[in-house]
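Only one structure is covered here, and it is reproduced in the block below.
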Amino acid sequence: MTDTLSDALTTPADALAVYIHWPFCLSKCPYCDFNSHVREIVDHSRWQRALSAEIDYWAAQARGRTVGSIFFGGGTPSLMAPETVATIIDRVGEKWALADDLEITLEANPTSVEAGRFAAFAEAGVNRLSLGIQALDDAALRFLGRQHDAAEAREALDLARRNFSRFSFDLIYARPEQDSNAWRNELSAALDMAGGHLSLYQLTIEKGTPFYSRHRDGEIIPPGETLAGDLFDVTNELTAAAGYLAYEISNYALPGEACRHNLAYWHYADYVGIGPGAHGRLTNAANEACALRQHAKPETWLQAVEEKGHGSAEARALEAGERADEMLMMGLRLQEGVDVARFHERTGRSLEQAVRPGAIQRLSDGGFLRQDGQHLWATARGRAVLDSVLAELLA
């Protein structure tokens, strides 16, 4: 693989997804292990120039592509100046062709200051908002270290509905001391306010976070396996009754409302990551997925872009086995599962060649997997314990 990738990229039929990472937050949530940072001062003009420069760099590596989605993630992208968002969207449009149904998502927090920018973000070109609500209960929001209360969350949802034709919000469940009845009530209220898409995540305790230390010291005790399974069942029961498809393990949507940007990841399509710590996957002339990774520390990334025009820390072609593992880990999260023909096209292997001998049959016999010759997918039972399913599948 060349150093710049410039002569290596193909133009597959899939639209290109573009991810923009804004690494700054007002405070660090105690459960979060994302590449997010608190800084007292952020030079927005400098960051606007650097993000634009890196778009130029990756556009030169992925010439001739059509962009199907732009996703502003973080960190807290709703802390960005709306003018910066507009500049970045315009820059993407200058460097690549844009799909007619281009999806542009921005993640936002529901504090009153950030919600006051929703109209400006819509004017800048954002057409889908993803709100980090996380809970509809004030005590739970305090436990999660959020900067908003439940009333602000509801007000932000009203503003989102007025300013965006599409919006989603996140909730975290399986919190300590949360039982099935409490989650049933909270999720029912959420569905009454939803705009066609919900992301519903079980609380996970990640190493390196304050919650990890508190869990180790016995201060935080998440629900046990049985209760967690019951909460997952409640989630799927209520969303299905409301007409939401569980199209991915933690994502639920009405018809036509699935997040097209995230589907690019799960379908193992090409995407580029702009900004500190962003990752990407681009297909080269040998039909290999190339792994791309940016410098994670904001100051390191910024200096690299200003000196070299990009903040890339790694660009390498993945081996066939790595591609197979990634496609299975991503695709089995989807209700539709892994497309068998595409899997062979991207990896050069059959499913049976890519997994442990007999694993697919064993897991199918156990009711965890199903296949029909065109797709391999995890059943509802399999998705509930997908980490264990993958551990059995992958060598």
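Quick note on naming: the chains in the structure tokens go A, B, ... in the order shown, residues restart at 1 in each chain, and ligands are numbered from 1 in order of appearance.
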Env of Ser78 of chain A: 10 Å cut, atoms = only C-alpha atoms, seq-sep filter 2 positions within chain, self excluded. Answer as JSON, numbers by chain. {"A": [22, 24, 25, 72, 73, 74, 75, 76, 80, 81, 82, 85, 106, 107, 108, 109, 110, 111, 113, 114, 115, 116, 117, 118, 121, 129, 131]}
Find the spatial neighbours of segment 279-293 of chain A, counting only C-alpha atoms, within a cut-off of 7 Å - ignore same-chain residues fewer than 4 positions away - and output them as a VMD selection string. chain A and resid 8 to 10 270 to 273 312 to 318 323 346
With N, CA and C atoms retained, write the just-selected residues as a CSV table (one decimal), in the first residue's frame.
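Result file is result.csv:
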```csv
chain,number,residue,atom,x,y,z
A,8,ALA,N,-4.4,4.1,-5.2
A,8,ALA,CA,-4.8,2.8,-4.8
A,8,ALA,C,-6.3,2.6,-4.6
A,9,LEU,N,-7.1,3.7,-4.7
A,9,LEU,CA,-8.5,3.6,-4.3
A,9,LEU,C,-9.4,3.3,-5.5
A,10,THR,N,-10.4,2.5,-5.3
A,10,THR,CA,-11.4,2.2,-6.3
A,10,THR,C,-12.6,3.1,-6.1
A,270,ASP,N,-17.2,2.0,2.6
A,270,ASP,CA,-16.1,2.9,2.8
A,270,ASP,C,-16.5,4.1,3.6
A,271,TYR,N,-15.6,4.6,4.4
A,271,TYR,CA,-15.8,5.9,5.1
A,271,TYR,C,-14.5,6.5,5.5
A,272,VAL,N,-14.5,7.8,5.6
A,272,VAL,CA,-13.3,8.5,6.0
A,272,VAL,C,-13.6,9.2,7.3
A,273,GLY,N,-12.6,9.3,8.2
A,273,GLY,CA,-12.7,10.0,9.4
A,273,GLY,C,-11.8,11.2,9.5
A,312,SER,N,-3.0,11.9,9.9
A,312,SER,CA,-3.1,10.5,9.9
A,312,SER,C,-1.9,9.9,10.7
A,313,ALA,N,-2.3,8.9,11.5
A,313,ALA,CA,-1.3,8.2,12.3
A,313,ALA,C,-1.0,6.8,11.7
A,314,GLU,N,-2.0,6.3,11.0
A,314,GLU,CA,-1.9,4.9,10.4
A,314,GLU,C,-2.7,4.8,9.2
A,315,ALA,N,-2.2,4.1,8.2
A,315,ALA,CA,-2.9,3.7,6.9
A,315,ALA,C,-2.3,2.4,6.5
A,316,ARG,N,-3.1,1.3,6.6
A,316,ARG,CA,-2.5,0.0,6.2
A,316,ARG,C,-3.6,-0.9,5.7
A,317,ALA,N,-3.3,-1.7,4.7
A,317,ALA,CA,-4.2,-2.7,4.2
A,317,ALA,C,-4.5,-3.8,5.2
A,318,LEU,N,-5.7,-4.1,5.4
A,318,LEU,CA,-6.0,-5.2,6.3
A,318,LEU,C,-5.9,-6.6,5.6
A,323,ARG,N,-10.3,-8.5,7.7
A,323,ARG,CA,-11.5,-8.0,7.1
A,323,ARG,C,-12.7,-9.0,7.4
A,346,ARG,N,-15.6,-9.1,-0.4
A,346,ARG,CA,-14.7,-8.2,0.4
A,346,ARG,C,-13.5,-9.0,1.0
```
Would you give me, as JSON, numbers by chain, the residues in segment 277-391 of chain A that DSSP reads as strand (DSSP E or B)? {"A": [279, 280, 281, 282, 283, 284, 289, 290, 291, 292, 293, 294, 312, 313, 314, 315, 316, 317, 334, 338, 339, 369, 370, 371, 375, 376, 377, 378]}
So how far away is atom CA of Asp170 of chain A from atom CA of Leu191 of chain A, in Å? 11.6 Å
With only C-alpha atoms counted and 12 Å as the cut-off, give the residues of segment 1-85 of chain A in contact with segment 95-102 of chain A, each with its shortest interatomic distance in Å and the pair that gives it, as JSON lines.
```
{"residue": "A:Asp14", "atom": "CA", "partner": "A:Ala99", "partner_atom": "CA", "distance": 11.0}
{"residue": "A:Ala15", "atom": "CA", "partner": "A:Ala99", "partner_atom": "CA", "distance": 7.8}
{"residue": "A:Leu16", "atom": "CA", "partner": "A:Leu98", "partner_atom": "CA", "distance": 9.4}
{"residue": "A:Ala17", "atom": "CA", "partner": "A:Leu102", "partner_atom": "CA", "distance": 9.9}
{"residue": "A:Val18", "atom": "CA", "partner": "A:Trp96", "partner_atom": "CA", "distance": 10.5}
{"residue": "A:Ser52", "atom": "CA", "partner": "A:Lys95", "partner_atom": "CA", "distance": 10.3}
{"residue": "A:Ala53", "atom": "CA", "partner": "A:Lys95", "partner_atom": "CA", "distance": 11.1}
{"residue": "A:Glu54", "atom": "CA", "partner": "A:Lys95", "partner_atom": "CA", "distance": 11.3}
{"residue": "A:Ile55", "atom": "CA", "partner": "A:Lys95", "partner_atom": "CA", "distance": 7.9}
{"residue": "A:Asp56", "atom": "CA", "partner": "A:Lys95", "partner_atom": "CA", "distance": 6.9}
{"residue": "A:Tyr57", "atom": "CA", "partner": "A:Lys95", "partner_atom": "CA", "distance": 9.8}
{"residue": "A:Trp58", "atom": "CA", "partner": "A:Lys95", "partner_atom": "CA", "distance": 9.3}
{"residue": "A:Ala59", "atom": "CA", "partner": "A:Lys95", "partner_atom": "CA", "distance": 6.0}
{"residue": "A:Ala60", "atom": "CA", "partner": "A:Lys95", "partner_atom": "CA", "distance": 8.3}
{"residue": "A:Gln61", "atom": "CA", "partner": "A:Lys95", "partner_atom": "CA", "distance": 11.0}
{"residue": "A:Ala62", "atom": "CA", "partner": "A:Trp96", "partner_atom": "CA", "distance": 8.8}
{"residue": "A:Arg63", "atom": "CA", "partner": "A:Trp96", "partner_atom": "CA", "distance": 7.4}
{"residue": "A:Gly64", "atom": "CA", "partner": "A:Trp96", "partner_atom": "CA", "distance": 6.8}
{"residue": "A:Arg65", "atom": "CA", "partner": "A:Trp96", "partner_atom": "CA", "distance": 6.2}
{"residue": "A:Thr66", "atom": "CA", "partner": "A:Ala97", "partner_atom": "CA", "distance": 4.6}
{"residue": "A:Val67", "atom": "CA", "partner": "A:Leu98", "partner_atom": "CA", "distance": 4.9}
{"residue": "A:Gly68", "atom": "CA", "partner": "A:Leu102", "partner_atom": "CA", "distance": 5.0}
{"residue": "A:Ser69", "atom": "CA", "partner": "A:Leu102", "partner_atom": "CA", "distance": 5.4}
{"residue": "A:Ile70", "atom": "CA", "partner": "A:Leu102", "partner_atom": "CA", "distance": 7.8}
{"residue": "A:Phe71", "atom": "CA", "partner": "A:Leu102", "partner_atom": "CA", "distance": 10.7}
```
Generate the output file for the selected residues, C-alpha atoms, as a PDB file, in the first residue's frame.
```
ATOM      1  CA  ASP A  14     -21.425   2.234  -2.113  1.00  0.00           C
ATOM      2  CA  ALA A  15     -21.639   5.913  -1.314  1.00  0.00           C
ATOM      3  CA  LEU A  16     -18.797   7.256   0.795  1.00  0.00           C
ATOM      4  CA  ALA A  17     -19.555   8.187   4.413  1.00  0.00           C
ATOM      5  CA  VAL A  18     -17.690  11.117   5.974  1.00  0.00           C
ATOM      6  CA  SER A  52     -11.128  21.835   6.135  1.00  0.00           C
ATOM      7  CA  ALA A  53      -7.499  21.036   5.314  1.00  0.00           C
ATOM      8  CA  GLU A  54      -7.942  17.408   6.290  1.00  0.00           C
ATOM      9  CA  ILE A  55     -11.069  17.143   4.138  1.00  0.00           C
ATOM     10  CA  ASP A  56      -8.908  18.341   1.237  1.00  0.00           C
ATOM     11  CA  TYR A  57      -6.329  15.669   1.999  1.00  0.00           C
ATOM     12  CA  TRP A  58      -8.759  12.762   2.121  1.00  0.00           C
ATOM     13  CA  ALA A  59     -10.666  14.011  -0.900  1.00  0.00           C
ATOM     14  CA  ALA A  60      -7.405  13.685  -2.842  1.00  0.00           C
ATOM     15  CA  GLN A  61      -7.093  10.068  -1.653  1.00  0.00           C
ATOM     16  CA  ALA A  62     -10.692   9.170  -2.509  1.00  0.00           C
ATOM     17  CA  ARG A  63     -11.265  10.947  -5.803  1.00  0.00           C
ATOM     18  CA  GLY A  64     -14.437  10.478  -7.788  1.00  0.00           C
ATOM     19  CA  ARG A  65     -16.595   9.310  -4.892  1.00  0.00           C
ATOM     20  CA  THR A  66     -20.139  10.348  -4.056  1.00  0.00           C
ATOM     21  CA  VAL A  67     -20.788  11.177  -0.411  1.00  0.00           C
ATOM     22  CA  GLY A  68     -23.995   9.686   0.984  1.00  0.00           C
ATOM     23  CA  SER A  69     -23.711  10.889   4.578  1.00  0.00           C
ATOM     24  CA  ILE A  70     -21.840  13.313   6.804  1.00  0.00           C
ATOM     25  CA  PHE A  71     -21.819  12.706  10.552  1.00  0.00           C
TER      26      PHE A  71
END
```
Can you tell me, as a PyMOL selection string, what residues are no more than 7 Å from segment 125-128 of chain A when counting only C-alpha atoms, ignoring any on the same chain fewer than 6 positions away? chain A and resi 86+103-106+164-167
Using only C-alpha atoms, please write the residues we just selected to a file, as an mmCIF file, in the first residue's frame.
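The result, stored in result12.cif:
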```cif
data_model
loop_
_atom_site.group_PDB
_atom_site.id
_atom_site.type_symbol
_atom_site.label_atom_id
_atom_site.label_comp_id
_atom_site.auth_asym_id
_atom_site.auth_seq_id
_atom_site.Cartn_x
_atom_site.Cartn_y
_atom_site.Cartn_z
ATOM 1 C CA ALA A 86 -21.603 25.227 7.461
ATOM 2 C CA GLU A 103 -27.914 12.647 5.232
ATOM 3 C CA ILE A 104 -26.138 15.144 7.506
ATOM 4 C CA THR A 105 -26.297 14.240 11.203
ATOM 5 C CA LEU A 106 -25.014 16.269 14.129
ATOM 6 C CA PHE A 164 -35.379 19.023 11.804
ATOM 7 C CA SER A 165 -37.419 16.647 9.697
ATOM 8 C CA ARG A 166 -35.417 13.761 11.198
ATOM 9 C CA PHE A 167 -34.106 13.425 14.725
#
```
Near Leu394 of chain A, counting only C-alpha atoms, which residues have an atom at most 10 Å away, once you skip same-chain residues fewer than 5 positions from it, shown as JSON, numbers by chain? {"A": [321, 324, 325, 328, 329, 354, 355, 356, 357, 359, 389]}
Residues near segment 139-141 of chain A, cut-off 10 Å, only C-alpha atoms, skip fewer than 3 positions along chain, as a ChimeraX atom specification: /A:133-136,144-150,172-173,175-176,178
Save the residues we just selected, N, CA and C atoms, as an mmCIF file, in the first residue's frame?
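Final output, part.cif:
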```
data_model
loop_
_atom_site.group_PDB
_atom_site.id
_atom_site.type_symbol
_atom_site.label_atom_id
_atom_site.label_comp_id
_atom_site.auth_asym_id
_atom_site.auth_seq_id
_atom_site.Cartn_x
_atom_site.Cartn_y
_atom_site.Cartn_z
ATOM 1 N N ILE A 133 -29.777 12.399 25.136
ATOM 2 C CA ILE A 133 -30.659 12.571 26.300
ATOM 3 C C ILE A 133 -30.181 11.706 27.464
ATOM 4 N N GLN A 134 -29.977 10.409 27.218
ATOM 5 C CA GLN A 134 -29.428 9.390 28.134
ATOM 6 C C GLN A 134 -30.375 8.935 29.237
ATOM 7 N N ALA A 135 -31.244 9.814 29.736
ATOM 8 C CA ALA A 135 -32.227 9.398 30.743
ATOM 9 C C ALA A 135 -33.310 10.458 30.816
ATOM 10 N N LEU A 136 -34.492 10.055 31.291
ATOM 11 C CA LEU A 136 -35.599 10.995 31.464
ATOM 12 C C LEU A 136 -35.931 11.195 32.933
ATOM 13 N N LEU A 144 -25.340 9.849 35.939
ATOM 14 C CA LEU A 144 -24.596 9.739 34.679
ATOM 15 C C LEU A 144 -23.704 10.947 34.408
ATOM 16 N N GLY A 145 -23.761 11.937 35.266
ATOM 17 C CA GLY A 145 -22.890 13.099 35.123
ATOM 18 C C GLY A 145 -23.296 14.038 34.013
ATOM 19 N N ARG A 146 -24.576 14.035 33.649
ATOM 20 C CA ARG A 146 -25.036 14.879 32.561
ATOM 21 C C ARG A 146 -25.212 16.320 33.016
ATOM 22 N N GLN A 147 -25.124 17.257 32.056
ATOM 23 C CA GLN A 147 -25.214 18.680 32.350
ATOM 24 C C GLN A 147 -26.642 19.219 32.230
ATOM 25 N N HIS A 148 -27.595 18.375 31.856
ATOM 26 C CA HIS A 148 -28.976 18.823 31.680
ATOM 27 C C HIS A 148 -29.887 18.049 32.631
ATOM 28 N N ASP A 149 -31.111 18.554 32.802
ATOM 29 C CA ASP A 149 -32.108 17.816 33.566
ATOM 30 C C ASP A 149 -33.198 17.322 32.616
ATOM 31 N N ALA A 150 -34.171 16.605 33.163
ATOM 32 C CA ALA A 150 -35.197 15.996 32.328
ATOM 33 C C ALA A 150 -36.055 17.045 31.633
ATOM 34 N N ILE A 172 -29.658 5.505 27.971
ATOM 35 C CA ILE A 172 -28.847 4.459 28.588
ATOM 36 C C ILE A 172 -29.704 3.749 29.627
ATOM 37 N N TYR A 173 -29.819 2.419 29.502
ATOM 38 C CA TYR A 173 -30.602 1.669 30.471
ATOM 39 C C TYR A 173 -29.724 0.589 31.108
ATOM 40 N N ARG A 175 -29.230 0.589 34.228
ATOM 41 C CA ARG A 175 -28.510 1.351 35.249
ATOM 42 C C ARG A 175 -28.666 0.662 36.602
ATOM 43 N N PRO A 176 -27.764 0.923 37.541
ATOM 44 C CA PRO A 176 -27.910 0.314 38.860
ATOM 45 C C PRO A 176 -29.277 0.624 39.467
ATOM 46 N N GLN A 178 -32.147 -0.105 38.503
ATOM 47 C CA GLN A 178 -33.254 0.040 37.559
ATOM 48 C C GLN A 178 -33.881 -1.330 37.317
#
```
DSSP on the backbone, then: every residue of segment 61-185 of chain A marked alpha helix (DSSP H), written as a PyMOL selection string. chain A and resi 61+82-95+112-115+118-124+138-143+150-163+180-185
Keeping only N, CA and C atoms, write the selected residues to a file as a compact mmCIF listing (two decimals), in the first residue's frame.
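Result written to selection-v7.txt:
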```
# COMPACT_ATOMS: atom_id res chain seq x y z
N GLN A 61 -7.32 11.51 -1.72
CA GLN A 61 -7.09 10.07 -1.65
C GLN A 61 -8.30 9.27 -2.14
N PRO A 82 -21.91 27.26 14.55
CA PRO A 82 -22.67 26.89 13.35
C PRO A 82 -21.97 27.27 12.05
N GLU A 83 -21.20 28.35 12.08
CA GLU A 83 -20.46 28.74 10.87
C GLU A 83 -19.42 27.70 10.50
N THR A 84 -18.82 27.07 11.52
CA THR A 84 -17.84 26.01 11.25
C THR A 84 -18.53 24.81 10.62
N VAL A 85 -19.70 24.45 11.14
CA VAL A 85 -20.45 23.34 10.57
C VAL A 85 -20.79 23.64 9.11
N ALA A 86 -21.25 24.85 8.83
CA ALA A 86 -21.60 25.23 7.46
C ALA A 86 -20.39 25.17 6.55
N THR A 87 -19.25 25.64 7.04
CA THR A 87 -18.02 25.63 6.24
C THR A 87 -17.60 24.20 5.90
N ILE A 88 -17.69 23.31 6.88
CA ILE A 88 -17.29 21.92 6.65
C ILE A 88 -18.21 21.24 5.64
N ILE A 89 -19.52 21.46 5.78
CA ILE A 89 -20.47 20.88 4.83
C ILE A 89 -20.19 21.39 3.42
N ASP A 90 -19.95 22.69 3.32
CA ASP A 90 -19.64 23.27 2.00
C ASP A 90 -18.36 22.68 1.43
N ARG A 91 -17.36 22.49 2.30
CA ARG A 91 -16.07 21.97 1.84
C ARG A 91 -16.22 20.54 1.31
N VAL A 92 -17.00 19.72 2.00
CA VAL A 92 -17.25 18.36 1.52
C VAL A 92 -17.91 18.41 0.14
N GLY A 93 -18.87 19.32 -0.03
CA GLY A 93 -19.55 19.45 -1.31
C GLY A 93 -18.66 19.97 -2.43
N GLU A 94 -17.64 20.73 -2.07
CA GLU A 94 -16.70 21.22 -3.08
C GLU A 94 -15.75 20.11 -3.54
N LYS A 95 -15.45 19.19 -2.66
CA LYS A 95 -14.42 18.18 -2.94
C LYS A 95 -14.99 16.86 -3.46
N SER A 112 -29.67 24.06 27.45
CA SER A 112 -30.37 25.18 26.83
C SER A 112 -29.46 25.98 25.90
N VAL A 113 -28.17 26.08 26.25
CA VAL A 113 -27.24 26.83 25.41
C VAL A 113 -27.10 26.17 24.04
N GLU A 114 -26.91 24.85 24.03
CA GLU A 114 -26.72 24.14 22.77
C GLU A 114 -28.02 24.05 21.99
N ALA A 115 -29.14 23.84 22.68
CA ALA A 115 -30.42 23.76 22.00
C ALA A 115 -30.76 25.06 21.30
N PHE A 118 -29.95 25.09 17.54
CA PHE A 118 -30.52 24.11 16.62
C PHE A 118 -30.94 24.74 15.30
N ALA A 119 -31.60 25.89 15.36
CA ALA A 119 -32.05 26.55 14.13
C ALA A 119 -30.86 26.92 13.26
N ALA A 120 -29.77 27.37 13.88
CA ALA A 120 -28.58 27.75 13.12
C ALA A 120 -27.92 26.53 12.49
N PHE A 121 -27.92 25.40 13.19
CA PHE A 121 -27.37 24.17 12.60
C PHE A 121 -28.22 23.72 11.41
N ALA A 122 -29.53 23.83 11.53
CA ALA A 122 -30.39 23.48 10.40
C ALA A 122 -30.11 24.40 9.21
N GLU A 123 -29.94 25.67 9.48
CA GLU A 123 -29.62 26.62 8.42
C GLU A 123 -28.27 26.30 7.78
N ALA A 124 -27.34 25.77 8.57
CA ALA A 124 -26.02 25.41 8.05
C ALA A 124 -26.07 24.20 7.13
N ASP A 138 -34.28 12.80 36.61
CA ASP A 138 -33.24 13.71 37.10
C ASP A 138 -32.17 13.01 37.94
N ALA A 139 -32.58 12.07 38.78
CA ALA A 139 -31.61 11.37 39.61
C ALA A 139 -30.66 10.55 38.73
N ALA A 140 -31.20 9.90 37.70
CA ALA A 140 -30.37 9.12 36.78
C ALA A 140 -29.42 10.02 36.01
N LEU A 141 -29.89 11.20 35.62
CA LEU A 141 -29.03 12.14 34.89
C LEU A 141 -27.88 12.61 35.77
N ARG A 142 -28.15 12.85 37.05
CA ARG A 142 -27.06 13.23 37.96
C ARG A 142 -26.06 12.09 38.10
N PHE A 143 -26.56 10.87 38.26
CA PHE A 143 -25.68 9.70 38.35
C PHE A 143 -24.79 9.57 37.12
N ALA A 150 -34.17 16.60 33.16
CA ALA A 150 -35.20 16.00 32.33
C ALA A 150 -36.06 17.04 31.63
N ALA A 151 -36.32 18.17 32.30
CA ALA A 151 -37.12 19.22 31.68
C ALA A 151 -36.39 19.80 30.47
N GLU A 152 -35.08 20.03 30.59
CA GLU A 152 -34.32 20.52 29.45
C GLU A 152 -34.33 19.51 28.30
N ALA A 153 -34.29 18.23 28.65
CA ALA A 153 -34.32 17.19 27.61
C ALA A 153 -35.60 17.28 26.81
N ARG A 154 -36.72 17.43 27.50
CA ARG A 154 -38.01 17.50 26.81
C ARG A 154 -38.10 18.78 25.96
N GLU A 155 -37.59 19.88 26.47
CA GLU A 155 -37.60 21.13 25.70
C GLU A 155 -36.72 21.00 24.45
N ALA A 156 -35.58 20.35 24.60
CA ALA A 156 -34.69 20.17 23.45
C ALA A 156 -35.34 19.29 22.39
N LEU A 157 -36.09 18.27 22.82
CA LEU A 157 -36.79 17.42 21.86
C LEU A 157 -37.85 18.21 21.11
N ASP A 158 -38.54 19.12 21.79
CA ASP A 158 -39.52 19.96 21.11
C ASP A 158 -38.83 20.85 20.06
N LEU A 159 -37.68 21.41 20.43
CA LEU A 159 -36.92 22.24 19.48
C LEU A 159 -36.43 21.41 18.30
N ALA A 160 -35.98 20.20 18.58
CA ALA A 160 -35.50 19.33 17.50
C ALA A 160 -36.63 19.04 16.52
N ARG A 161 -37.81 18.78 17.04
CA ARG A 161 -38.96 18.47 16.19
C ARG A 161 -39.32 19.67 15.30
N ARG A 162 -39.16 20.88 15.84
CA ARG A 162 -39.51 22.08 15.07
C ARG A 162 -38.47 22.41 14.00
N ASN A 163 -37.22 22.01 14.22
CA ASN A 163 -36.15 22.44 13.32
C ASN A 163 -35.64 21.38 12.36
N SER A 180 -37.31 -3.74 35.70
CA SER A 180 -38.04 -3.82 34.44
C SER A 180 -39.20 -2.83 34.39
N ASN A 181 -39.91 -2.65 35.51
CA ASN A 181 -41.05 -1.74 35.51
C ASN A 181 -40.60 -0.30 35.31
N ALA A 182 -39.51 0.09 35.97
CA ALA A 182 -39.00 1.46 35.82
C ALA A 182 -38.57 1.72 34.38
N TRP A 183 -37.89 0.75 33.77
CA TRP A 183 -37.45 0.92 32.39
C TRP A 183 -38.64 0.92 31.44
N ARG A 184 -39.63 0.10 31.72
CA ARG A 184 -40.83 0.06 30.89
C ARG A 184 -41.51 1.44 30.87
N ASN A 185 -41.61 2.07 32.03
CA ASN A 185 -42.24 3.39 32.11
C ASN A 185 -41.41 4.45 31.39
```
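Between Pro23 of chain A and the candidates A:Ala320, A:Ile220, A:Leu200, A:Val38, the tightest atom-to-atom separation, counting only C-alpha atoms, involves A:Val38.
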As number ranges by chain, please: the residues near Thr204 of chain A (cut-off 9 Å, only C-alpha atoms, same-chain neighbours under 6 positions excluded). A: 31, 174, 222
How about saving the chosen residues, N, CA and C atoms kept, as an mmCIF file, in the first residue's frame?
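Listing of again25.cif after writing:
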```cif
data_model
loop_
_atom_site.group_PDB
_atom_site.id
_atom_site.type_symbol
_atom_site.label_atom_id
_atom_site.label_comp_id
_atom_site.auth_asym_id
_atom_site.auth_seq_id
_atom_site.Cartn_x
_atom_site.Cartn_y
_atom_site.Cartn_z
ATOM 1 N N TYR A 31 -18.991 7.676 32.553
ATOM 2 C CA TYR A 31 -19.076 6.376 31.883
ATOM 3 C C TYR A 31 -18.388 6.378 30.524
ATOM 4 N N ALA A 174 -30.332 -0.287 31.894
ATOM 5 C CA ALA A 174 -29.582 -1.243 32.716
ATOM 6 C C ALA A 174 -28.672 -0.498 33.684
ATOM 7 N N PRO A 222 -24.064 -2.935 38.436
ATOM 8 C CA PRO A 222 -25.044 -3.000 37.348
ATOM 9 C C PRO A 222 -25.957 -4.204 37.513
#
```
Separation of atom CA of Ala378 of chain A from atom CA of Leu227 of chain A in Å: 21.2 Å
